[in-house]
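Visitor: Contents are mmCIF, C-alpha atoms; file name coords-v2.cif:
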```cif
data_target
loop_
_atom_site.label_atom_id
_atom_site.label_comp_id
_atom_site.auth_asym_id
_atom_site.auth_seq_id
_atom_site.Cartn_x
_atom_site.Cartn_y
_atom_site.Cartn_z
CA MET K 1 0.00 0.00 0.00
CA ASN K 2 1.40 3.39 -1.03
CA PHE K 3 1.35 5.83 1.89
CA LEU K 4 1.17 8.87 -0.43
CA ARG K 5 -2.07 7.65 -2.00
CA LEU K 6 -3.91 7.36 1.31
CA PRO K 7 -6.55 9.98 2.24
CA PHE K 8 -5.33 12.96 4.23
CA LEU K 9 -7.19 12.05 7.43
CA VAL K 10 -5.75 8.52 7.34
CA LYS K 11 -2.22 9.85 6.88
CA LEU K 12 -2.74 12.40 9.67
CA THR K 13 -4.03 9.69 12.00
CA LEU K 14 -1.06 7.44 11.28
CA VAL K 15 1.39 10.30 11.85
CA VAL K 16 -0.24 11.30 15.17
CA ILE K 17 -0.30 7.69 16.40
CA SER K 18 3.36 7.28 15.40
CA ILE K 19 4.38 10.46 17.27
CA ILE K 20 2.46 9.39 20.41
CA GLY K 21 3.99 5.90 20.27
CA LEU K 22 7.49 7.27 19.73
CA GLY K 23 7.08 9.72 22.63
CA TYR K 24 5.87 6.93 24.91
CA LEU K 25 8.85 4.74 23.98
CA LEU K 26 11.27 7.65 24.58
CA ALA K 27 9.79 8.30 28.03
CA LEU K 28 9.75 4.59 28.86
CA GLY K 29 13.37 4.05 27.85
CA GLN K 30 14.80 7.17 29.51
CA SER K 31 17.39 5.31 31.60
CA ILE K 32 18.82 3.65 28.46
CA LEU K 33 18.16 6.06 25.60
CA ALA K 34 19.47 9.21 27.32
CA PRO K 35 22.99 7.81 28.03
CA PHE K 36 22.96 6.10 24.61
CA PHE K 37 22.31 9.36 22.76
CA LEU K 38 24.91 11.24 24.81
CA ALA K 39 27.40 8.42 24.12
CA PHE K 40 26.61 8.70 20.41
CA LEU K 41 27.35 12.45 20.44
CA MET K 42 30.62 11.97 22.32
CA ALA K 43 31.57 9.10 19.99
CA MET K 44 31.12 11.42 17.01
CA LEU K 45 33.36 13.95 18.77
CA PHE K 46 36.10 11.38 19.50
CA LEU K 47 35.80 9.64 16.13
CA PRO K 48 38.64 11.65 14.44
CA ALA K 49 41.00 10.83 17.33
CA ALA K 50 40.13 7.13 17.20
CA THR K 51 40.55 7.08 13.40
CA PHE K 52 43.92 8.83 13.70
CA MET K 53 45.17 6.27 16.22
CA GLU K 54 44.05 3.38 14.02
CA ARG K 55 45.35 4.66 10.68
CA ARG K 56 48.47 6.63 11.61
CA LEU K 57 49.60 4.99 14.86
CA ARG K 58 48.48 1.49 13.81
CA PHE K 59 46.54 0.90 17.02
CA PRO K 60 44.01 -1.95 17.09
CA ARG K 61 40.35 -0.96 17.29
CA SER K 62 40.06 -2.00 20.93
CA ILE K 63 43.19 -0.05 21.98
CA SER K 64 42.05 3.14 20.21
CA THR K 65 38.60 2.81 21.80
CA MET K 66 39.97 2.37 25.33
CA THR K 67 42.39 5.27 24.81
CA SER K 68 39.46 7.49 23.80
CA VAL K 69 37.57 6.32 26.89
CA PHE K 70 40.50 7.19 29.16
CA ILE K 71 40.82 10.64 27.59
CA MET K 72 37.10 11.29 28.02
CA LEU K 73 37.08 10.07 31.64
CA ALA K 74 40.17 12.19 32.39
CA ILE K 75 38.36 15.29 31.09
CA LEU K 76 35.24 14.38 33.09
CA CYS K 77 37.26 13.81 36.28
CA GLY K 78 39.04 17.12 35.71
CA LEU K 79 35.70 18.95 35.49
CA ILE K 80 34.44 17.21 38.63
CA TYR K 81 37.63 18.09 40.51
CA PHE K 82 37.45 21.70 39.30
CA PHE K 83 33.86 22.19 40.41
CA GLY K 84 34.50 20.36 43.69
CA SER K 85 37.50 22.50 44.61
CA GLN K 86 35.73 25.72 43.64
CA LEU K 87 32.65 24.81 45.66
CA SER K 88 34.78 23.99 48.70
CA ASP K 89 36.36 27.45 48.46
CA PHE K 90 32.91 28.96 48.04
CA SER K 91 31.77 27.33 51.29
CA LYS K 92 34.27 29.52 53.14
CA ASP K 93 32.25 32.60 52.13
CA LEU K 94 29.01 31.22 53.51
CA PRO K 95 29.21 33.26 56.78
CA HIS K 96 29.55 36.46 54.77
CA LEU K 97 26.72 35.32 52.52
CA ARG K 98 24.57 34.62 55.58
CA ASP K 99 25.21 38.09 57.02
CA GLN K 100 24.47 39.73 53.68
CA MET K 101 21.23 37.81 53.23
CA THR K 102 20.19 38.54 56.83
CA SER K 103 20.58 42.24 56.19
CA VAL K 104 18.61 42.08 52.95
CA PHE K 105 15.95 39.91 54.55
CA GLY K 106 15.55 42.41 57.40
CA ASN K 107 15.09 45.30 54.97
CA LEU K 108 12.61 43.22 52.97
CA GLN K 109 10.63 42.43 56.13
CA HIS K 110 10.32 46.11 57.03
CA TRP K 111 9.23 46.92 53.47
CA ILE K 112 6.56 44.19 53.53
CA SER K 113 5.40 45.35 56.96
CA LYS K 114 4.95 48.95 55.77
CA THR K 115 3.46 48.09 52.37
CA PHE K 116 1.09 45.20 53.17
CA ASN K 117 0.54 45.79 56.92
CA VAL K 118 1.86 42.33 57.77
CA LYS K 119 3.68 42.26 61.10
CA ILE K 120 7.19 40.87 61.25
CA ASP K 121 6.13 38.25 63.84
CA GLU K 122 3.49 36.92 61.43
CA GLN K 123 6.06 36.76 58.63
CA LEU K 124 8.36 34.73 60.88
CA ASP K 125 5.47 32.38 61.73
CA TYR K 126 4.85 31.73 58.04
CA ILE K 127 8.53 31.02 57.48
CA ASN K 128 8.75 28.70 60.52
CA GLN K 129 5.71 26.73 59.33
CA GLY K 130 7.33 26.27 55.95
CA LEU K 131 10.60 25.17 57.53
CA ASN K 132 8.81 22.68 59.81
CA LYS K 133 7.06 21.12 56.81
CA LEU K 134 10.38 20.94 55.00
CA LEU K 135 12.20 19.36 57.93
CA SER K 136 9.37 16.89 58.57
CA SER K 137 9.93 15.49 55.08
CA SER K 138 13.65 14.88 55.66
CA GLY K 139 13.21 11.20 54.80
CA VAL K 140 11.78 12.17 51.44
CA ILE K 141 14.67 14.58 50.87
CA LEU K 142 17.25 11.93 51.74
CA GLY K 143 15.54 9.43 49.47
CA PHE K 144 15.44 11.98 46.66
CA THR K 145 19.14 12.78 47.15
CA PHE K 146 20.06 9.09 47.16
CA GLY K 147 17.95 8.58 44.05
CA ILE K 148 19.76 11.38 42.23
CA PHE K 149 23.14 9.96 43.22
CA SER K 150 22.25 6.39 42.24
CA SER K 151 20.64 7.43 38.94
CA GLY K 152 23.62 9.68 38.15
CA PHE K 153 26.06 6.86 38.83
CA GLY K 154 24.00 4.50 36.67
CA PHE K 155 23.86 7.14 33.92
CA ILE K 156 27.67 7.41 33.88
CA VAL K 157 28.09 3.62 33.80
CA PHE K 158 25.64 3.17 30.91
CA PHE K 159 27.13 6.18 29.10
CA THR K 160 30.66 4.76 29.32
CA LEU K 161 29.57 1.30 28.12
CA PHE K 162 27.60 2.71 25.19
CA PHE K 163 30.54 4.95 24.27
CA ILE K 164 32.84 1.92 24.11
CA PHE K 165 30.38 -0.14 22.07
CA ILE K 166 29.57 2.61 19.56
CA LEU K 167 33.24 3.36 18.89
CA ASN K 168 34.25 -0.29 18.78
CA TYR K 169 31.38 -1.48 16.56
CA ARG K 170 30.84 1.64 14.45
CA ARG K 171 31.59 -0.22 11.22
CA ILE K 172 28.94 -2.86 11.98
CA LEU K 173 26.38 -0.15 12.79
CA ASN K 174 27.23 1.70 9.57
CA ASN K 175 26.92 -1.46 7.45
CA PHE K 176 23.58 -2.28 9.06
CA ILE K 177 22.13 1.14 8.25
CA VAL K 178 23.31 0.84 4.63
CA THR K 179 22.25 -2.77 4.00
CA VAL K 180 18.82 -2.46 5.65
CA PHE K 181 17.65 -0.43 2.63
CA ASN K 182 17.03 -1.65 -0.91
CA GLU K 183 20.04 -2.51 -3.07
CA LYS K 184 19.38 0.26 -5.59
CA HIS K 185 19.41 2.89 -2.80
CA LYS K 186 22.61 1.62 -1.17
CA ALA K 187 24.92 4.23 -2.73
CA SER K 188 22.66 7.16 -1.89
CA VAL K 189 22.08 5.86 1.66
CA GLN K 190 25.83 5.55 2.21
CA GLU K 191 26.29 9.11 1.00
CA VAL K 192 23.57 10.37 3.35
CA VAL K 193 25.05 8.47 6.32
CA THR K 194 28.51 9.87 5.61
CA GLU K 195 27.21 13.44 5.33
CA ILE K 196 25.19 13.10 8.53
CA ARG K 197 28.22 11.73 10.40
CA VAL K 198 30.47 14.55 9.16
CA MET K 199 27.97 17.33 9.86
CA THR K 200 27.09 15.89 13.28
CA LYS K 201 30.78 15.77 14.18
CA LYS K 202 31.24 19.38 13.07
CA TYR K 203 28.15 20.47 15.00
CA ILE K 204 29.22 18.81 18.25
CA PHE K 205 32.75 20.19 17.89
CA GLY K 206 31.31 23.66 17.20
CA LEU K 207 29.07 23.35 20.25
CA CYS K 208 32.07 22.54 22.45
CA LEU K 209 33.95 25.47 20.93
CA GLN K 210 30.98 27.72 21.66
CA VAL K 211 31.03 26.61 25.32
CA LEU K 212 34.74 27.46 25.46
CA ILE K 213 34.30 30.92 23.88
CA VAL K 214 31.36 31.85 26.13
CA SER K 215 33.31 30.66 29.18
CA ILE K 216 36.29 32.83 28.21
CA LEU K 217 34.10 35.90 27.59
CA CYS K 218 32.29 35.51 30.91
CA SER K 219 35.57 34.86 32.73
CA VAL K 220 37.05 38.10 31.38
CA LEU K 221 33.85 40.00 32.25
CA LEU K 222 33.58 38.71 35.82
CA THR K 223 37.32 39.17 36.44
CA ILE K 224 37.15 42.81 35.32
CA LEU K 225 34.15 43.40 37.58
CA GLY K 226 36.00 41.80 40.50
CA VAL K 227 33.45 39.04 41.12
CA LYS K 228 34.72 36.15 43.20
CA TYR K 229 34.87 32.68 41.65
CA ALA K 230 34.86 34.21 38.18
CA ILE K 231 36.24 31.08 36.50
CA LEU K 232 33.70 28.81 38.23
CA LEU K 233 30.78 31.01 37.19
CA ALA K 234 32.17 31.39 33.66
CA VAL K 235 32.53 27.63 33.11
CA LEU K 236 29.06 27.07 34.57
CA THR K 237 27.67 29.72 32.20
CA GLY K 238 29.36 28.09 29.22
CA LEU K 239 27.90 24.68 30.08
CA LEU K 240 24.41 26.03 30.79
CA ASN K 241 24.54 27.99 27.54
CA VAL K 242 23.97 24.67 25.74
CA ILE K 243 20.34 25.11 26.87
CA PRO K 244 19.17 28.00 24.66
CA TYR K 245 17.62 31.04 26.34
CA LEU K 246 16.93 29.30 29.67
CA GLY K 247 20.59 28.46 30.27
CA ILE K 248 21.82 32.04 30.06
CA CYS K 249 18.96 33.20 32.35
CA ILE K 250 19.79 30.58 35.00
CA SER K 251 23.50 31.41 34.89
CA LEU K 252 22.67 35.13 35.05
CA LEU K 253 20.66 34.64 38.25
CA ILE K 254 23.42 32.53 39.82
CA SER K 255 26.15 35.02 38.89
CA CYS K 256 24.13 37.99 40.16
CA PHE K 257 23.45 36.16 43.42
CA ILE K 258 27.16 35.40 43.96
CA ALA K 259 28.11 38.95 42.96
CA PHE K 260 25.64 40.35 45.48
CA ALA K 261 26.77 37.98 48.22
CA THR K 262 30.46 38.75 47.78
CA GLY K 263 30.31 42.31 46.44
CA THR K 264 27.93 45.25 46.13
CA PRO K 265 24.43 45.64 44.61
CA SER K 266 25.85 47.79 41.79
CA THR K 267 28.04 44.86 40.75
CA CYS K 268 24.88 42.81 40.13
CA VAL K 269 23.66 45.42 37.67
CA TYR K 270 26.98 45.39 35.81
CA VAL K 271 26.98 41.59 35.72
CA ALA K 272 23.46 41.54 34.28
CA ILE K 273 24.36 44.07 31.59
CA GLY K 274 27.56 42.19 30.76
CA TYR K 275 25.71 38.85 30.45
CA ILE K 276 23.21 40.44 28.08
CA VAL K 277 26.08 41.71 25.93
CA VAL K 278 27.73 38.27 25.96
CA HIS K 279 24.43 36.66 24.95
CA ILE K 280 24.08 39.12 22.04
CA ILE K 281 27.64 38.38 20.89
CA ASP K 282 27.06 34.64 21.22
CA GLY K 283 23.75 34.65 19.32
CA ASN K 284 24.81 36.93 16.47
CA ILE K 285 28.53 36.26 16.02
CA VAL K 286 29.77 33.13 17.80
CA LEU K 287 26.86 30.77 17.09
CA PRO K 288 26.52 31.44 13.32
CA PHE K 289 30.30 31.40 12.81
CA VAL K 290 31.23 28.40 14.97
CA VAL K 291 28.16 26.16 14.85
CA GLY K 292 26.94 27.26 11.43
CA SER K 293 23.59 28.44 10.14
CA LYS K 294 22.79 25.11 8.46
CA VAL K 295 22.10 23.40 11.77
CA LYS K 296 20.87 26.43 13.68
CA ILE K 297 17.42 25.90 15.23
CA ASN K 298 14.91 28.72 15.46
CA ALA K 299 13.74 29.98 18.84
CA LEU K 300 10.24 28.47 18.64
CA PHE K 301 11.34 24.87 18.16
CA SER K 302 14.28 25.33 20.52
CA PHE K 303 11.84 26.26 23.28
CA ILE K 304 9.44 23.44 22.34
CA GLY K 305 12.37 21.01 22.31
CA ILE K 306 13.50 22.13 25.77
CA ILE K 307 10.00 21.60 27.20
CA LEU K 308 9.61 18.18 25.58
CA GLY K 309 13.15 17.17 26.54
CA GLU K 310 12.59 18.08 30.18
CA HIS K 311 9.25 16.28 30.19
CA LEU K 312 10.70 13.09 28.68
CA TRP K 313 14.24 12.89 30.12
CA GLY K 314 14.45 15.56 32.81
CA ILE K 315 17.56 17.74 33.05
CA ALA K 316 19.48 15.48 30.65
CA GLY K 317 16.74 16.01 28.07
CA MET K 318 17.14 19.79 28.31
CA PHE K 319 20.80 19.44 27.35
CA LEU K 320 20.29 16.78 24.67
CA CYS K 321 17.19 18.17 22.94
CA ILE K 322 18.99 20.79 20.83
CA PRO K 323 21.62 18.36 19.40
CA ALA K 324 18.78 15.89 18.73
CA ILE K 325 16.75 18.50 16.83
CA ALA K 326 19.89 19.55 14.94
CA ILE K 327 20.54 15.95 13.86
CA ILE K 328 16.88 15.56 12.83
CA LYS K 329 17.20 18.76 10.79
CA ILE K 330 20.34 17.38 9.10
CA ILE K 331 18.47 14.20 8.16
CA PHE K 332 15.49 16.18 6.87
CA GLU K 333 17.78 18.26 4.66
CA ARG K 334 19.11 15.10 2.97
CA VAL K 335 15.71 13.49 2.32
CA GLU K 336 13.83 14.93 -0.63
CA GLY K 337 10.33 14.68 0.83
CA LEU K 338 11.35 16.11 4.23
CA LYS K 339 13.14 19.31 3.13
CA PRO K 340 10.17 21.57 4.06
CA TRP K 341 10.40 20.25 7.64
CA SER K 342 14.09 21.18 7.80
CA LYS K 343 13.22 24.72 6.74
CA LEU K 344 10.53 24.79 9.44
CA LEU K 345 13.08 23.86 12.11
CA GLY K 346 15.77 26.27 10.86
CA GLU K 347 16.13 30.02 10.84
CA GLU K 348 14.37 32.24 8.33
CA GLU K 349 16.44 32.73 5.20
CA LYS K 350 17.33 36.33 4.47
CA PRO K 351 16.24 37.49 1.02
CA ASN K 352 18.98 38.23 -1.45
CA LYS K 353 18.83 41.96 -2.01
CA LYS K 354 20.93 41.79 -5.14
CA LYS K 355 18.58 39.36 -6.84
CA LYS K 356 15.57 41.38 -5.74
CA SER K 357 17.01 44.62 -7.06
CA TYR K 358 17.96 42.86 -10.28
CA LYS K 359 14.41 41.66 -10.78
CA ILE K 360 13.02 45.12 -10.07
CA SER K 361 15.44 46.77 -12.48
CA LYS K 362 14.64 44.11 -15.06
CA ASN K 363 10.91 44.79 -14.74
CA ILE K 364 11.53 48.53 -15.04
CA THR K 365 13.54 48.09 -18.21
CA LEU K 366 10.86 45.81 -19.66
CA LYS K 367 8.23 48.45 -18.94
CA GLU K 368 10.40 51.09 -20.49
CA MET K 369 10.86 48.92 -23.57
CA ASP K 370 7.08 48.42 -23.79
#
```
In structure tokens, what does this structure look like?
Guide:
Amino acid sequence: MNFLRLPFLVKLTLVVISIIGLGYLLALGQSILAPFFLAFLMAMLFLPAATFMERRLRFPRSISTMTSVFIMLAILCGLIYFFGSQLSDFSKDLPHLRDQMTSVFGNLQHWISKTFNVKIDEQLDYINQGLNKLLSSSGVILGFTFGIFSSGFGFIVFFTLFFIFILNYRRILNNFIVTVFNEKHKASVQEVVTEIRVMTKKYIFGLCLQVLIVSILCSVLLTILGVKYAILLAVLTGLLNVIPYLGICISLLISCFIAFATGTPSTCVYVAIGYIVVHIIDGNIVLPFVVGSKVKINALFSFIGIILGEHLWGIAGMFLCIPAIAIIKIIFERVEGLKPWSKLLGEEEKPNKKKKSYKISKNITLKEMD
């Protein structure tokens, strides 16, 4: 049965059922699919290094794979050590932070008392009730913390195993994708797979480069403003910037909070202005130049992707949704019947002014000739 010859309502029904079924399977397989997709992205990033070790250094496939794993784990351990050491230093400023917040909280209480006629004693009663409810659920909090730790450890284990398998058996996976299609389409499928692999690798590398550039810009900004833990906040901003729009807002709030706790209120204003400038530079210069406009996702579907990613896979889905949409857009661009969908996901193409002016001048000359 030819799908294109079916009535529109039948095709729409099949598409909706397929989307609902796919979404259910994605939510059901979160613990496996999320580390698998992240391992696939990292495998594409480490693929040139593994290929170099196999072709130039004559390493066996297993040795090149394990070397890539050790490099990746060394980078991950370095990040964990960096954040751990910075957070331990930050804990030393907690008394100053407590004094600063106590002063602000006192001023806020007096303002609420004058504005809404709510006595300070009543405000303290409301706060104590909330704290009692929070402390009474300490078992739930401990269980939630243990669940996060255990799920995070399981995520890292599955991610490492999938990374090893994808790098080690990449030729088998490639041959399967090519041979699963008809024989007459084998050459075109191989070409599409190669282009997707190359563009995905470039996109992931560009994304990492964007994180590095944003981290450097924020580090310079916060250092000039004299904000403590400038490098920690800059690296955190670069990593959160992977989440479009929401990431920069979250990092802005965190940086302003630290700047207020360790500095002056005017520093918060300068930090906010500086982050807005960095976001403008990143969106208009860094992102188109480094990542490329071909895989750039428009704001509407970026926001939809973040919501769906968080709903399906939680925090990991918020980070992975944009690379997933970018890969889907790459596939749509290579399939003839899906090119309109790739344009829907991408940015609006700017009209060519030269061609437009040429057409106008051509029409004018034709009218003059008439």
Visitor: Please expand the PyMOL selection byres ((chain K and resi 267-277) around 8) into the concrete residues it hits in this file, giving the result as a PyMOL selection string.
Guide: chain K and resi 218+221-222+225+227+248+252+255-257+259-260+263-266+278-281
Visitor: Give me the result of the PyMOL selection byres ((chain K and resi 205) around 12) on this file, residue by residue, as a list in words.
Guide: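 Selection result, ordered by chain and number: Leu41, Met42, Ala43, Met44, Leu45, Phe46, Leu47, Pro48, Val198, Met199, Thr200, Lys201, Lys202, Tyr203, Ile204, Gly206, Leu207, Cys208, Leu209, Gln210, Val211, Leu212, Val290, Val291, Gly292 and Pro323 of chain K.
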Visitor: Near range 28-39 of chain K, within 8 Å and counting only C-alpha atoms, which residues show up once chain neighbours fewer than 3 positions away are dropped, as a PyMOL selection string?
Guide: chain K and resi 24-25+42-43+155-156+158-160+162-163+166+312-313+316-317+320
Visitor: Find the distance between CA of Ile322 in chain K and CA of Val180 in chain K and write it in Å to one decimal.
Guide: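 If I compute the distance from CA of Ile322 in chain K to CA of Val180 in chain K, I get 27.8 Å.
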Visitor: Run the PyMOL selection byres ((chain K and resi 344) around 12) on the file and write out the hits as a PyMOL selection string.
Guide: chain K and resi 295-302+325+328-329+332-333+338-343+345-349
Visitor: Pick out the closest residue to Tyr169 in chain K from this set: K:Gly283, K:Ser62, K:Met318, K:Leu87. Count only C-alpha atoms.
Guide: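 Of the candidates, the smallest distance to Tyr169 in chain K is held by K:Ser62.
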Visitor: Could you tell me which of K:Ile250, K:Ile331, K:Ile306, K:Leu76 comes closest to Leu236 in chain K if we count only C-alpha atoms?
Guide: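 The answer is K:Ile250, which sits nearest to Leu236 in chain K.
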Visitor: Hey, can I get the axis-aligned box for range 58-68 of chain K? All listed atoms, 4 Å padding on each side, centre and edge lengths in Å to one decimal, as JSON.
Guide:
```
{"center_x": 43.5, "center_y": 2.7, "center_z": 19.6, "size_x": 17.9, "size_y": 17.5, "size_z": 19.5}
```
Visitor: Could you jot down the CA of Ala49 in chain K to CA of Asn174 in chain K separation for me, Å, one decimal place?
Guide: 18.3 Å
Visitor: What separation in Å, quoted to one decimal, exists between CA of Leu232 in chain K and CA of Met72 in chain K?
Guide: 20.6 Å
Visitor: Kindly indicate which residue among K:Ile224, K:Ile307, K:Leu167, K:Ile80 lies nearest to Ser68 in chain K, using all atoms listed in the file for the distances.
Guide: K:Leu167
Visitor: Restricting the calculation to all atoms listed in the file: of K:Phe176, K:Ala50, K:Val157, K:Ile213, which residue gets closest to Phe289 in chain K?
Guide: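 Closest to Phe289 in chain K, using all atoms listed in the file: K:Ile213.
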